[in-house]
file my_file.txt (compact mmCIF, C-alpha atoms and all ligand atoms)
# COMPACT_ATOMS: atom_id res chain seq x y z
CA MET A 159 34.05 112.83 70.52
CA ARG A 160 33.91 116.25 68.86
CA GLN A 161 31.06 117.03 66.45
CA ASP A 162 33.44 117.57 63.47
CA GLN A 163 35.13 114.21 64.21
CA HIS A 164 31.75 112.53 64.26
CA VAL A 165 30.85 114.00 60.88
CA SER A 166 34.10 112.81 59.31
CA ILE A 167 33.72 109.29 60.73
CA ARG A 168 30.17 109.15 59.43
CA ASP A 169 31.36 110.33 56.01
CA LEU A 170 34.16 107.76 56.05
CA LEU A 171 31.75 104.95 56.95
CA ARG A 172 29.12 105.96 54.43
CA GLY A 173 31.70 106.32 51.68
CA LEU A 174 33.09 102.82 52.06
CA PRO A 175 32.25 100.57 49.11
CA VAL A 176 30.11 97.49 49.78
CA PHE A 177 30.18 94.43 47.52
CA ALA A 178 31.82 96.40 44.71
CA ARG A 179 33.53 93.38 43.21
CA PRO A 180 32.62 90.30 41.16
CA LEU A 181 30.56 87.99 43.38
CA PRO A 182 29.45 84.39 42.95
CA LEU A 183 25.90 83.61 41.97
CA PHE A 184 23.75 81.43 44.18
CA ALA A 185 20.86 79.48 42.70
CA PRO A 186 18.87 78.27 45.73
CA GLY A 187 16.72 76.04 43.52
CA ASP A 188 19.75 73.79 43.04
CA ALA A 189 20.56 73.62 46.77
CA PRO A 190 20.90 70.15 48.33
CA ASP A 191 18.34 68.81 50.80
CA HIS A 192 20.68 68.97 53.78
CA PRO A 193 22.29 72.22 54.98
CA ASP A 194 25.56 70.48 55.90
CA ASP A 195 26.03 69.55 52.24
CA LEU A 196 25.57 73.14 51.12
CA PHE A 197 27.94 74.35 53.85
CA VAL A 198 30.63 71.90 52.78
CA SER A 199 30.24 73.02 49.18
CA TRP A 200 30.39 76.74 50.13
CA LEU A 201 33.38 76.08 52.40
CA GLY A 202 35.21 74.43 49.51
CA GLU A 203 34.43 77.44 47.31
CA ALA A 204 35.67 79.79 50.05
CA VAL A 205 38.95 77.87 50.32
CA ALA A 206 39.33 77.94 46.52
CA ALA A 207 38.62 81.70 46.49
CA GLY A 208 41.43 82.29 49.00
CA VAL A 209 39.20 83.39 51.90
CA MET A 210 41.42 83.77 54.98
CA GLU A 211 40.42 81.49 57.86
CA PRO A 212 37.12 80.45 56.31
CA HIS A 213 36.60 78.18 59.32
CA ALA A 214 36.53 81.16 61.69
CA MET A 215 33.04 81.85 62.99
CA THR A 216 31.35 83.90 65.65
CA LEU A 217 29.81 81.97 68.52
CA SER A 218 27.08 83.93 70.27
CA THR A 219 25.84 82.88 73.67
CA VAL A 220 23.77 84.35 76.47
CA ASP A 221 24.89 84.86 80.06
CA ALA A 222 22.94 84.27 83.27
CA ASP A 223 21.52 87.82 83.10
CA GLY A 224 20.26 87.29 79.55
CA LEU A 225 23.00 89.51 78.12
CA PRO A 226 24.33 88.24 74.76
CA ASP A 227 28.05 87.69 74.23
CA THR A 228 29.99 86.85 71.09
CA ARG A 229 33.50 85.89 70.03
CA VAL A 230 35.34 84.22 67.15
CA LEU A 231 36.23 80.52 67.25
CA LEU A 232 37.34 77.90 64.75
CA LEU A 233 34.96 75.28 63.43
CA LYS A 234 36.72 71.98 64.12
CA ASP A 235 34.38 69.45 62.57
CA LEU A 236 30.93 68.97 61.17
CA ASP A 237 29.23 65.58 61.33
CA ASP A 238 26.14 63.80 62.70
CA ARG A 239 26.99 65.12 66.17
CA GLY A 240 26.74 68.73 64.98
CA TRP A 241 28.92 71.76 64.21
CA GLN A 242 31.89 71.41 66.54
CA PHE A 243 34.23 73.81 68.27
CA ALA A 244 36.76 73.35 71.06
CA THR A 245 37.30 75.57 74.04
CA ASP A 246 37.77 75.72 77.79
CA ALA A 247 34.68 74.62 79.71
CA ASP A 248 35.62 77.05 82.49
CA SER A 249 35.78 80.05 80.13
CA ALA A 250 33.03 82.66 79.95
CA LYS A 251 31.47 80.92 76.95
CA GLY A 252 31.77 77.51 78.61
CA ARG A 253 29.89 78.75 81.65
CA GLN A 254 27.34 80.51 79.47
CA VAL A 255 26.46 77.41 77.43
CA ALA A 256 26.30 75.33 80.63
CA GLY A 257 23.60 77.68 81.92
CA GLN A 258 21.81 78.43 78.63
CA PRO A 259 22.56 76.02 75.77
CA GLY A 260 20.95 78.16 73.06
CA ALA A 261 23.64 79.58 70.75
CA ALA A 262 24.29 80.92 67.27
CA LEU A 263 27.21 80.58 64.87
CA GLY A 264 28.02 83.10 62.14
CA PHE A 265 30.41 82.86 59.22
CA TYR A 266 31.24 85.80 56.93
CA TRP A 267 33.30 85.25 53.81
CA ARG A 268 33.83 88.81 52.68
CA GLU A 269 35.63 87.98 49.43
CA GLN A 270 32.43 86.28 48.28
CA ALA A 271 29.91 88.37 50.26
CA ARG A 272 28.61 85.17 51.80
CA GLN A 273 27.17 84.69 55.25
CA VAL A 274 26.09 81.49 56.99
CA ARG A 275 24.04 81.62 60.21
CA VAL A 276 23.35 78.67 62.46
CA ARG A 277 20.99 78.65 65.45
CA GLY A 278 20.64 75.73 67.81
CA SER A 279 21.67 74.24 71.10
CA VAL A 280 25.14 73.38 72.35
CA THR A 281 26.15 70.18 74.10
CA PRO A 282 29.60 68.94 75.10
CA LEU A 283 30.87 65.78 73.38
CA ASP A 284 32.04 62.95 75.65
CA ARG A 285 35.37 63.16 77.50
CA GLN A 286 36.99 60.74 75.06
CA ALA A 287 36.28 63.01 72.08
CA SER A 288 37.62 66.05 73.92
CA ALA A 289 40.74 64.17 75.04
CA GLY A 290 41.35 62.97 71.48
CA ASP A 291 40.97 66.52 70.15
CA PHE A 292 43.35 67.84 72.79
CA LEU A 293 46.08 65.30 72.08
CA ALA A 294 45.81 65.94 68.33
CA ARG A 295 46.73 69.61 68.84
CA PRO A 296 50.29 70.91 68.31
CA VAL A 297 52.39 70.94 71.48
CA GLY A 298 52.32 74.75 71.72
CA SER A 299 48.52 74.79 71.71
CA ARG A 300 48.41 72.08 74.38
CA VAL A 301 50.81 74.04 76.56
CA ALA A 302 48.75 77.22 76.08
CA SER A 303 45.52 75.42 77.05
CA LEU A 304 47.08 73.81 80.10
CA ALA A 305 48.44 77.16 81.24
CA SER A 306 45.35 79.21 80.55
CA ARG A 307 42.63 80.19 82.93
CA GLN A 308 40.69 81.50 79.97
CA SER A 309 38.48 84.57 80.59
CA GLU A 310 39.73 85.12 84.16
CA VAL A 311 41.39 88.41 85.05
CA LEU A 312 45.18 88.23 84.44
CA ALA A 313 47.02 90.17 87.14
CA GLY A 314 50.08 90.66 84.90
CA PRO A 315 52.19 89.09 82.12
CA ALA A 316 54.47 87.41 84.68
CA ASP A 317 51.62 85.19 85.87
CA LEU A 318 51.08 83.97 82.32
CA GLU A 319 54.81 83.33 81.83
CA HIS A 320 54.96 81.26 85.03
CA ALA A 321 51.89 79.27 84.05
CA LEU A 322 53.31 78.61 80.57
CA ALA A 323 56.63 77.44 82.01
CA ALA A 324 54.84 75.06 84.38
CA ALA A 325 52.65 73.74 81.55
CA GLU A 326 55.70 73.21 79.32
CA GLU A 327 57.30 71.14 82.04
CA ALA A 328 54.11 69.13 82.56
CA VAL A 329 53.96 68.27 78.83
CA ARG A 330 57.67 67.40 78.80
CA ASP A 331 57.18 65.05 81.77
CA ASP A 332 54.09 63.44 80.27
CA PRO A 333 53.34 64.11 76.58
CA GLN A 334 49.92 62.47 77.07
CA VAL A 335 48.90 64.84 79.85
CA LEU A 336 45.34 66.10 79.36
CA CYS A 337 43.68 69.42 80.06
CA ALA A 338 40.56 68.53 82.05
CA SER A 339 38.63 71.61 80.95
CA HIS A 340 39.43 71.33 77.20
CA THR A 341 36.07 70.44 75.71
CA VAL A 342 34.69 69.85 72.26
CA TYR A 343 31.14 71.13 71.93
CA ALA A 344 28.63 70.49 69.17
CA VAL A 345 25.90 72.82 68.02
CA THR A 346 22.79 70.93 66.90
CA PRO A 347 21.12 73.33 64.49
CA VAL A 348 17.43 74.12 64.24
CA THR A 349 18.01 76.60 61.42
CA VAL A 350 20.88 77.21 58.99
CA GLU A 351 20.70 80.22 56.69
CA PHE A 352 22.81 80.82 53.59
CA TRP A 353 23.06 84.42 52.42
CA GLN A 354 24.60 85.56 49.17
CA GLY A 355 25.22 89.29 48.95
CA HIS A 356 24.61 91.28 45.76
CA ALA A 357 25.93 94.72 44.78
CA GLU A 358 22.41 96.03 44.04
CA ARG A 359 21.11 94.56 47.31
CA ARG A 360 19.32 91.71 45.54
CA HIS A 361 20.66 89.41 48.19
CA VAL A 362 19.59 85.77 48.14
CA ARG A 363 18.63 84.12 51.42
CA LEU A 364 17.93 80.43 51.80
CA ARG A 365 17.00 79.10 55.23
CA TYR A 366 16.90 75.44 56.20
CA ARG A 367 14.54 74.79 59.09
CA ARG A 368 14.51 71.48 60.92
CA VAL A 369 11.09 69.86 61.27
CA GLY A 370 11.42 66.50 63.02
CA ASP A 371 14.10 64.62 61.12
CA ALA A 372 13.60 66.60 57.92
CA TRP A 373 14.81 69.96 56.66
CA ILE A 374 12.43 72.46 55.11
CA LYS A 375 13.99 74.92 52.68
CA GLU A 376 12.52 78.41 52.42
CA LEU A 377 13.57 81.65 50.78
CA LEU A 378 13.59 84.77 52.94
CA TRP A 379 13.03 88.35 51.93
CA PRO A 380 16.37 90.08 51.86
C1 LIG A 401 40.42 83.60 64.32
C2 LIG A 401 40.23 83.25 65.79
C3 LIG A 401 40.11 81.93 66.15
C4 LIG A 401 39.90 81.59 67.49
N1 LIG A 401 39.70 80.27 67.80
C5 LIG A 401 39.40 79.93 69.07
C6 LIG A 401 39.06 78.58 69.38
O1 LIG A 401 38.98 77.69 68.51
N2 LIG A 401 38.80 78.27 70.68
C7 LIG A 401 38.83 79.24 71.68
O2 LIG A 401 38.58 78.90 72.85
N3 LIG A 401 39.12 80.53 71.41
C8 LIG A 401 39.40 80.91 70.13
N4 LIG A 401 39.68 82.22 69.83
C9 LIG A 401 39.66 83.21 70.95
C10 LIG A 401 38.20 83.62 71.27
O3 LIG A 401 37.74 84.55 70.32
C11 LIG A 401 38.04 84.21 72.69
O4 LIG A 401 38.90 85.30 72.86
C12 LIG A 401 38.33 83.21 73.80
O5 LIG A 401 37.81 81.92 73.49
C13 LIG A 401 37.70 83.68 75.12
O6 LIG A 401 36.31 83.86 74.94
P1 LIG A 401 35.29 83.97 76.19
O7 LIG A 401 35.95 84.84 77.21
O8 LIG A 401 34.04 84.58 75.64
O9 LIG A 401 35.04 82.56 76.70
C14 LIG A 401 39.86 82.60 68.50
C15 LIG A 401 39.99 83.94 68.11
C16 LIG A 401 40.16 84.26 66.77
C17 LIG A 401 40.23 85.72 66.38
call {"tool": "encode", "arguments": {"input": "my_file.txt", "output": "structure tokens", "more": "lines below"}}
Ligand SMILES: Cc1cc2nc3c(=O)[nH]c(=O)nc-3n(C[C@H](O)[C@H](O)[C@H](O)COP(=O)(O)O)c2cc1C
result
Amino acid sequence: MRQDQHVSIRDLLRGLPVFARPLPLFAPGDAPDHPDDLFVSWLGEAVAAGVMEPHAMTLSTVDADGLPDTRVLLLKDLDDRGWQFATDADSAKGRQVAGQPGAALGFYWREQARQVRVRGSVTPLDRQASAGDFLARPVGSRVASLASRQSEVLAGPADLEHALAAAEEAVRDDPQVLCASHTVYAVTPVTVEFWQGHAERRHVRLRYRRVGDAWIKELLWP
């Protein structure tokens, strides 16, 4: 990169507005005792505010060499079993969580300058739950999962086309066919942090920390 290009990119980045819009207020004193309840309430507010894909979240994991990795996934459910996502157990992330179950989730709802961070450990749900999740997906998604060797090197588009055609046929022959590697995982949190951005950087941070069966709420310096 040339020096003059670098200067103009830096100027571009530093000139971009941040949080220059009306933002919601967050009164942490009124927050519920359980982080899931606050998440559900914030998610509802994100949906109402028109946030695109508010259920999209980063999942960060660590590989066998201790190198972090991250990617975006969809949150599929949230209940007593944890914060759930579905993916291929043979994918990079599937192998990473099998070796090192520590993981983090991150949501960013830019329209509201809200961030939610979850840290905890990942465990697969039982085969029945994963099978049920798989069969509930639209046929195109099932075909794509059956065809995919997610995260492996793809030699060329033709290989994908062949795999998709074979998967389509398999689903036509047996609409109940399962994808053995399709797995629902649950993150059991140890901390969940809610962050409300503020134009003058008076951000509000509320962290829930699990102690035994209880949740401790604490404010954090922004
Ligand atoms: C908005 C969005 C939603 C996604 N949802 C999923 C998902 O639910 N499950 C999944 O396996 N990949 C999903 N992906 C693709 C992943 O980001 C990623 O490319 C893929 O899972 C392979 O990741 P890996 O190689 O680290 O295992 C999504 C991507 C985006 C941008």
call {"tool": "residues_around", "arguments": {"input": "my_file.txt", "residues": "Asp223 in chain A", "least_positions_apart": "4", "cutoff": "12 Å", "atoms": "all atoms listed in the file", "output": "PyMOL selection string"}}
result
chain A and resi 219+227+254+257-258
call {"tool": "residues_near_point", "arguments": {"input": "my_file.txt", "point": "(30.9, 60.0, 73.9)", "cutoff": "12 Å", "atoms": "all atoms listed in the file", "output": "list of chain:residue names"}}
result
A:Arg239, A:Thr281, A:Pro282, A:Leu283, A:Asp284, A:Arg285, A:Gln286, A:Ala287, A:Ser288, A:Ala289, A:Gly290, A:Thr341, A:Val342, A:Tyr343, A:Ala344
call {"tool": "closest_atom_pairs", "arguments": {"input": "my_file.txt", "of": "range 294-313 of chain A", "to": "range 323-335 of chain A", "cutoff": "8 Å", "atoms": "all atoms listed in the file", "output": "Markdown table"}}
result
| residue | atom | partner | partner_atom | distance |
| --- | --- | --- | --- | --- |
| A:Val297 | CA | A:Val329 | CA | 8.0 |
| A:Val301 | CA | A:Ala325 | CA | 5.3 |
| A:Ala302 | CA | A:Ala325 | CA | 7.6 |
| A:Leu304 | CA | A:Ala325 | CA | 5.8 |
| A:Ala305 | CA | A:Ala325 | CA | 5.4 |
call {"tool": "residues_near_ligand", "arguments": {"input": "my_file.txt", "ligand": "ligand LIG 401 (chain A)", "cutoff": "7 Å", "atoms": "all atoms listed in the file", "output": "list in words"}}
result
Glu211, Ala214, Asp227, Thr228, Arg229, Val230, Leu231, Leu232, Leu233, Phe243, Ala244, Thr245, Asp246, Ser249, Ala250, Lys251, Gly252, Gln308 and Ser309 of chain A
call {"tool": "atom_distance", "arguments": {"input": "my_file.txt", "atom1": "CA of Val209 in chain A", "atom2": "CA of Arg268 in chain A"}}
result
7.7 Å
